[in-house]
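Q: Provided herewith: start27.txt, compact mmCIF, C-alpha atoms.
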# COMPACT_ATOMS: atom_id res chain seq x y z
CA MET A 1 50.91 -18.81 -23.39
CA ASN A 2 47.42 -17.67 -24.21
CA LEU A 3 47.48 -14.03 -23.05
CA VAL A 4 44.50 -11.75 -22.52
CA PRO A 5 44.55 -8.09 -21.43
CA ILE A 6 43.68 -7.14 -17.87
CA GLY A 7 40.24 -5.81 -18.82
CA ARG A 8 39.15 -9.08 -20.38
CA PHE A 9 40.71 -11.11 -17.56
CA SER A 10 38.80 -8.95 -15.09
CA LYS A 11 35.48 -9.80 -16.76
CA MET A 12 36.37 -13.50 -16.98
CA THR A 13 37.30 -13.80 -13.31
CA ARG A 14 34.84 -11.26 -11.82
CA LEU A 15 37.79 -9.52 -10.15
CA SER A 16 37.91 -5.76 -10.62
CA ILE A 17 40.88 -4.16 -12.36
CA ARG A 18 41.64 -2.38 -9.10
CA ALA A 19 41.67 -5.71 -7.24
CA LEU A 20 43.93 -7.28 -9.87
CA ARG A 21 46.40 -4.43 -9.49
CA LEU A 22 46.35 -4.88 -5.72
CA TYR A 23 46.91 -8.62 -6.05
CA ASP A 24 49.82 -7.93 -8.41
CA GLU A 25 51.44 -5.59 -5.89
CA SER A 26 50.98 -8.11 -3.06
CA GLY A 27 52.37 -11.00 -5.09
CA LEU A 28 49.09 -12.86 -4.87
CA LEU A 29 48.27 -12.87 -8.57
CA ARG A 30 50.93 -11.41 -10.83
CA PRO A 31 50.28 -10.87 -14.54
CA ALA A 32 51.98 -13.28 -16.90
CA HIS A 33 53.35 -10.38 -18.93
CA VAL A 34 53.69 -6.62 -18.56
CA ASP A 35 54.25 -4.54 -21.68
CA PRO A 36 57.55 -2.70 -21.00
CA SER A 37 56.54 0.37 -22.99
CA SER A 38 52.96 0.85 -21.82
CA GLY A 39 52.99 -0.99 -18.48
CA TYR A 40 49.80 -2.76 -19.55
CA ARG A 41 49.17 -6.06 -17.81
CA TYR A 42 48.35 -9.35 -19.55
CA TYR A 43 47.24 -12.59 -17.94
CA ASP A 44 47.44 -16.19 -19.08
CA LEU A 45 44.15 -18.04 -19.32
CA GLY A 46 45.69 -20.71 -17.10
CA GLN A 47 45.69 -18.20 -14.24
CA ALA A 48 41.90 -18.20 -14.13
CA ASN A 49 41.82 -21.08 -11.63
CA ARG A 50 44.12 -19.23 -9.23
CA ALA A 51 42.05 -16.09 -9.72
CA GLU A 52 38.89 -18.00 -8.79
CA ALA A 53 40.55 -19.35 -5.64
CA VAL A 54 41.58 -15.82 -4.71
CA ARG A 55 38.07 -14.52 -5.32
CA ILE A 56 36.55 -17.24 -3.12
CA LEU A 57 38.97 -16.68 -0.24
CA ARG A 58 38.61 -12.90 -0.42
CA SER A 59 34.83 -13.31 -0.35
CA VAL A 60 35.23 -14.71 3.18
CA ASP A 61 37.59 -11.83 4.09
CA MET A 62 40.77 -13.90 4.40
CA PRO A 63 43.84 -11.61 4.63
CA LEU A 64 45.99 -11.40 1.51
CA ASP A 65 49.12 -12.81 3.15
CA GLU A 66 47.20 -15.86 4.34
CA ILE A 67 45.75 -16.41 0.86
CA VAL A 68 49.29 -16.39 -0.51
CA ALA A 69 50.27 -19.06 2.04
CA VAL A 70 47.24 -21.19 1.16
CA LEU A 71 47.82 -21.01 -2.59
CA GLU A 72 51.57 -21.59 -2.42
CA THR A 73 51.42 -24.82 -0.42
CA ASP A 74 50.81 -28.27 -1.83
CA ASP A 75 49.94 -29.68 1.59
CA PRO A 76 46.14 -30.16 1.92
CA GLU A 77 46.51 -30.48 5.69
CA LEU A 78 48.10 -27.05 5.97
CA VAL A 79 45.38 -25.57 3.77
CA HIS A 80 42.73 -27.17 5.98
CA LYS A 81 44.42 -25.81 9.12
CA GLN A 82 44.58 -22.29 7.67
CA LEU A 83 40.90 -22.40 6.76
CA ILE A 84 40.00 -23.51 10.28
CA ILE A 85 42.05 -20.66 11.77
CA HIS A 86 40.19 -18.17 9.61
CA ARG A 87 36.85 -19.75 10.51
CA GLU A 88 37.65 -19.24 14.20
CA ARG A 89 38.58 -15.63 13.50
CA LEU A 90 35.25 -15.02 11.76
CA ALA A 91 33.36 -16.77 14.57
CA GLU A 92 35.06 -14.51 17.11
CA ARG A 93 34.23 -11.46 15.02
CA LEU A 94 30.61 -12.60 14.77
CA ALA A 95 30.42 -13.13 18.53
CA THR A 96 31.71 -9.59 19.06
CA GLN A 97 29.11 -8.20 16.66
CA GLU A 98 26.36 -10.16 18.42
CA ARG A 99 27.45 -8.75 21.79
CA MET A 100 27.38 -5.26 20.31
CA LEU A 101 23.92 -5.86 18.84
CA ALA A 102 22.60 -7.18 22.15
CA TYR A 103 24.08 -4.18 23.94
CA LEU A 104 22.52 -1.79 21.43
CA GLU A 105 19.17 -3.52 21.90
CA SER A 106 19.44 -3.04 25.67
CA LEU A 107 20.11 0.68 25.11
CA ILE A 108 17.03 0.90 22.87
CA GLN A 109 14.90 -0.74 25.57
CA ARG A 110 16.03 1.62 28.32
CA LYS A 111 13.41 4.17 29.27
CA GLU A 112 15.78 6.33 31.32
CA GLY A 113 18.28 7.08 28.57
CA ILE A 114 21.67 5.81 27.48
CA MET A 115 23.58 6.84 30.61
CA PRO A 116 21.20 6.61 33.60
CA TYR A 117 23.91 7.00 36.23
CA ASP A 118 23.93 9.04 39.41
CA VAL A 119 27.45 10.06 40.47
CA GLN A 120 28.39 10.67 44.10
CA ILE A 121 31.63 11.30 45.98
CA LEU A 122 32.27 8.58 48.55
CA GLU A 123 35.04 8.43 51.15
CA GLU A 124 36.66 5.00 51.27
CA MET A 125 38.83 3.90 54.17
CA PRO A 126 42.05 1.99 53.45
CA ARG A 127 41.51 -1.73 53.90
CA LEU A 128 43.41 -4.96 53.84
CA VAL A 129 42.79 -7.15 50.80
CA ALA A 130 44.03 -10.47 49.52
CA ALA A 131 44.82 -10.14 45.84
CA THR A 132 46.19 -11.71 42.69
CA LYS A 133 47.24 -10.00 39.46
CA VAL A 134 46.08 -11.18 36.04
CA ARG A 135 47.14 -10.04 32.57
CA THR A 136 44.15 -10.03 30.22
CA ASN A 137 42.23 -8.27 27.43
CA LEU A 138 38.52 -7.79 26.74
CA ARG A 139 38.30 -10.91 24.60
CA ARG A 140 39.10 -13.27 27.44
CA ILE A 141 38.52 -11.14 30.52
CA GLY A 142 35.55 -13.19 31.72
CA ASP A 143 37.51 -16.44 31.73
CA ASP A 144 40.59 -14.78 33.23
CA ILE A 145 38.61 -13.18 36.04
CA GLY A 146 36.96 -16.51 36.83
CA ALA A 147 40.33 -18.25 36.94
CA GLY A 148 41.81 -15.42 39.01
CA PHE A 149 39.05 -15.58 41.60
CA GLY A 150 39.54 -19.35 41.73
CA THR A 151 43.25 -18.91 42.44
CA LEU A 152 42.50 -16.27 45.07
CA MET A 153 39.91 -18.35 46.91
CA GLN A 154 42.21 -21.38 46.92
CA GLY A 155 44.91 -19.26 48.54
CA LEU A 156 42.47 -18.04 51.18
CA GLY A 157 41.28 -21.58 51.79
CA ARG A 158 44.80 -22.81 52.42
CA ALA A 159 45.29 -19.98 54.92
CA GLY A 160 41.95 -20.65 56.60
CA ILE A 161 40.65 -17.14 55.92
CA ALA A 162 37.21 -16.11 54.65
CA PRO A 163 36.51 -12.88 52.72
CA SER A 164 35.20 -10.05 54.89
CA GLY A 165 33.56 -7.99 52.14
CA ALA A 166 32.47 -7.78 48.52
CA PRO A 167 35.04 -8.75 45.86
CA LEU A 168 36.51 -6.06 43.67
CA ILE A 169 38.89 -5.56 40.76
CA VAL A 170 41.42 -2.75 40.30
CA TYR A 171 42.08 -1.96 36.63
CA HIS A 172 45.73 -0.90 36.62
CA ASP A 173 45.95 -0.69 32.80
CA VAL A 174 43.62 0.32 29.98
CA ILE A 175 42.57 -2.80 28.09
CA ASP A 176 40.49 -3.46 25.00
CA GLU A 177 39.85 -6.29 22.54
CA GLU A 178 43.47 -6.30 21.36
CA THR A 179 45.44 -4.58 24.13
CA GLU A 180 46.42 -6.58 27.20
CA GLY A 181 46.96 -5.10 30.64
CA TYR A 182 47.03 -5.96 34.32
CA ILE A 183 44.02 -6.16 36.59
CA GLU A 184 44.16 -6.92 40.30
CA ILE A 185 41.47 -9.23 41.67
CA CYS A 186 40.88 -8.54 45.37
CA VAL A 187 38.75 -9.58 48.34
CA PRO A 188 38.77 -7.78 51.70
CA VAL A 189 40.21 -9.85 54.57
CA ASP A 190 40.63 -9.35 58.32
CA ARG A 191 44.25 -10.49 58.56
CA SER A 192 47.28 -11.04 56.38
CA ILE A 193 48.18 -14.34 54.81
CA PRO A 194 51.66 -15.58 53.94
CA ASN A 195 52.43 -14.15 50.51
CA ALA A 196 52.78 -16.78 47.81
CA ALA A 197 53.73 -16.66 44.15
CA GLU A 198 50.21 -15.76 43.02
CA VAL A 199 48.28 -14.61 46.11
CA TYR A 200 49.34 -11.83 48.47
CA THR A 201 47.86 -9.31 50.89
CA ARG A 202 48.23 -5.54 50.79
CA GLU A 203 46.53 -2.39 51.94
CA LEU A 204 44.15 -1.06 49.30
CA GLU A 205 44.30 2.70 49.18
CA GLY A 206 41.36 4.70 50.49
CA GLY A 207 40.33 8.26 49.80
CA ALA A 208 37.69 10.14 47.85
CA MET A 209 35.96 8.24 45.07
CA ALA A 210 33.74 9.43 42.25
CA SER A 211 31.28 6.57 42.35
CA THR A 212 28.30 5.23 40.45
CA VAL A 213 26.43 1.93 40.34
CA HIS A 214 25.89 -0.03 37.14
CA HIS A 215 22.71 -2.11 37.06
CA GLY A 216 22.90 -4.94 34.51
CA PRO A 217 25.32 -7.32 32.76
CA TYR A 218 29.02 -6.79 33.25
CA GLN A 219 29.66 -6.51 29.50
CA GLU A 220 27.38 -3.44 29.38
CA ILE A 221 29.32 -1.45 31.97
CA ALA A 222 31.13 0.90 29.55
CA PRO A 223 28.60 3.80 29.87
CA ALA A 224 29.28 3.90 33.63
CA TYR A 225 32.94 4.58 32.85
CA HIS A 226 32.03 7.20 30.25
CA THR A 227 29.73 8.91 32.75
CA LEU A 228 32.39 9.01 35.47
CA THR A 229 35.06 10.23 33.06
CA GLY A 230 32.84 13.10 31.92
CA TRP A 231 31.69 13.92 35.45
CA VAL A 232 35.24 14.07 36.85
CA SER A 233 36.36 16.33 34.00
CA GLU A 234 33.28 18.55 34.22
CA HIS A 235 33.76 19.14 37.96
CA GLY A 236 37.51 19.78 37.67
CA HIS A 237 38.61 16.87 39.85
CA GLU A 238 41.92 15.06 39.34
CA LEU A 239 42.24 11.30 39.05
CA ALA A 240 44.28 9.85 41.91
CA GLY A 241 44.56 6.20 40.95
CA PRO A 242 43.24 3.38 38.77
CA PRO A 243 39.50 2.69 38.60
CA ARG A 244 38.00 -0.19 40.51
CA GLU A 245 34.83 -2.24 40.32
CA THR A 246 33.10 -3.70 43.39
CA TYR A 247 30.64 -6.53 42.80
CA LEU A 248 27.66 -5.98 45.07
CA ASN A 249 25.82 -9.22 44.34
CA ASP A 250 26.61 -12.71 43.11
CA PRO A 251 26.33 -13.59 39.38
CA GLN A 252 25.64 -17.19 40.41
CA VAL A 253 22.59 -16.08 42.38
CA VAL A 254 20.99 -13.23 40.40
CA LEU A 255 20.14 -12.81 36.73
CA PRO A 256 22.54 -10.79 34.53
CA GLU A 257 20.06 -7.92 34.28
CA ASP A 258 19.96 -7.70 38.11
CA LEU A 259 23.72 -7.52 38.68
CA LEU A 260 24.96 -4.51 40.64
CA THR A 261 28.50 -3.22 40.13
CA ARG A 262 29.86 -0.11 41.83
CA VAL A 263 32.47 1.69 39.73
CA ASP A 264 34.85 3.98 41.62
CA PHE A 265 37.38 6.50 40.29
CA PRO A 266 39.84 7.61 43.00
CA ILE A 267 40.02 11.41 42.84
CA VAL A 268 41.54 14.51 44.40
CA PRO A 269 38.35 16.55 44.90
CA GLN A 270 38.36 20.21 43.95
CA PRO A 271 36.22 22.71 45.87
CA ASP A 272 32.94 23.62 44.19
I'd like the structure from this file rewritten - as structure tokens, please.
A:
Amino acid sequence: MNLVPIGRFSKMTRLSIRALRLYDESGLLRPAHVDPSSGYRYYDLGQANRAEAVRILRSVDMPLDEIVAVLETDDPELVHKQLIIHRERLAERLATQERMLAYLESLIQRKEGIMPYDVQILEEMPRLVAATKVRTNLRRIGDDIGAGFGTLMQGLGRAGIAPSGAPLIVYHDVIDEETEGYIEICVPVDRSIPNAAEVYTRELEGGAMASTVHHGPYQEIAPAYHTLTGWVSEHGHELAGPPRETYLNDPQVVLPEDLLTRVDFPIVPQPD
């Protein structure tokens, strides 16, 4: 073996000493020899190629365990597949960043401030709805809602029933980019339909609602929720159920910036 100390190997490979120690601990790039008395690490010059591969893959933010899998296999097809998986991960991350940037730009352009929401207390009557439940997260919620509405409308069509009001969604669970939860996609109806595996009818609870209207794209609705959360807390009200969104116009008819979505928090009002 042609051994060189860790400092020299670091300069040769453009990997910091700290990174080399991390890669040693993870099993990604172990030194060829460790001095038993001093603990000093030495590398073989033949490890430079592996070090370069590690440097390249880390430069595109591939996780360490996946780099180990790539470097340990002799199957080019598996390597190619792993690279494609990571490319898709980066593309998804980029799409998320682009959505965030577009959202930030919309906040910058607003003249009325970041949270231009007027909150009112509305009294909702109980009503009959046809519904279907969907498990989703924020990454795929748009597609899942579209599919859920499709399932719901097919069920209504088979029963010969038309919606009698604006569609709405009840958010039974808190969801984010990683966390899945259940949402309930609903449309008001005038009569019950035979319950099936995916579509059913039930009475949607009424009561007092802390309510505000979001004007703009669905993906920019978060400040409406923040406003309602703060308003409910500030006024000492208690939440009485999961939030719901009612879609007041049709995304197939109006532009995204003209969409109107009413957000309601069921509450137990407290006297002023």
Q: Please determine, counting only C-alpha atoms, which residue among A:Leu104, A:Ala224, A:Ala210, A:Leu83 has the shortest atom-to-atom distance to Glu124 of chain A.
A: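 That would be A:Ala210, the residue with the smallest distance to Glu124 of chain A.
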Q: Counting all atoms listed in the file, what is within 8 Å of segment 247-252 of chain A, bar same-chain residues fewer than 6 positions away, as number ranges by chain?
A: A: 166-168, 259-262
Q: Grab all the atoms of segment 33-43 of chain A that the file lists, wrap them in a box along x, y and z, add 5 Å per side, and give me centre plus edge lengths in Å (one decimal) as JSON.
A:
{"center_x": 52.4, "center_y": -5.9, "center_z": -20.4, "size_x": 20.3, "size_y": 23.4, "size_z": 15.2}
Q: From the set A:Asp24, A:Glu123, A:Glu205, A:Glu238, which residue has the shortest atom-to-atom contact distance to Val68 of chain A, counting only C-alpha atoms?
A: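 Result for the nearest residue to Val68 of chain A: A:Asp24.
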Q: Give me the residues near Leu20 of chain A as a PyMOL selection string, where near means some atom within 10 Å (using only C-alpha atoms) and where sequence neighbours in that chain fewer than 6 positions away do not count.
A: chain A and resi 6-7+9-10+13+26+28-31+41+51
Q: Pick the closest to Met1 of chain A from A:Glu25, A:Ser16, A:His33, A:Val263: which is it, counting all atoms listed in the file?
A: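 Residue with the minimum atom-to-atom distance to Met1 of chain A: A:His33.
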Q: Could you state the separation of atom CA of Met100 of chain A and atom CA of Ser211 of chain A in Å, given to one decimal place?
A: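 Here the two named atoms are 25.3 Å from each other.
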Q: Neighbouring residues of segment 147-152 of chain A were defined as those with any atom within 7 Å, considering only C-alpha atoms; residues of the same chain fewer than 4 positions away were excluded. Please report them as a list in words.
A: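 Counting only C-alpha atoms, the residues come to Ala131, Thr132, Val134, Asp143, Leu156, Ile185 and Val199 of chain A.
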Q: Given only C-alpha atoms as the basis, pick out the residue of A:Thr212, A:Ile67, A:Asp118, A:Glu92 nearest to Glu52 of chain A.
A: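 When distances to Glu52 of chain A are compared using only C-alpha atoms, the smallest one comes from A:Ile67.
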Q: Between atom CA of Pro271 of chain A and atom CA of Glu245 of chain A, measure the distance and give it in Å to one decimal.
A: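 Atom CA of Glu245 of chain A lies 25.6 Å from atom CA of Pro271 of chain A.
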Q: Using only C-alpha atoms for the distances, tell me which of A:Met153, A:Ile121, A:Arg21, A:Ala130 is nearest to His235 of chain A.
A: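 The answer is A:Ile121, which sits nearest to His235 of chain A.
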Q: One decimal, in Å: what's the spacing between atom CA of Ala162 of chain A and atom CA of Arg191 of chain A?
A: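 Atom CA of Ala162 of chain A sits 9.8 Å away from atom CA of Arg191 of chain A.
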Q: Counting only C-alpha atoms, figure out which residue out of A:Leu15, A:Ile56, A:Ala222, A:Ile193 gets nearest to Gly157 of chain A.
A: A:Ile193
Q: Show which residues sit within 10 Å of Glu220 of chain A, as a PyMOL selection string. Count all atoms listed in the file, and ignore same-chain residues fewer than 4 positions away.
A: chain A and resi 99-100+102-104+106-107+214-216+224+257
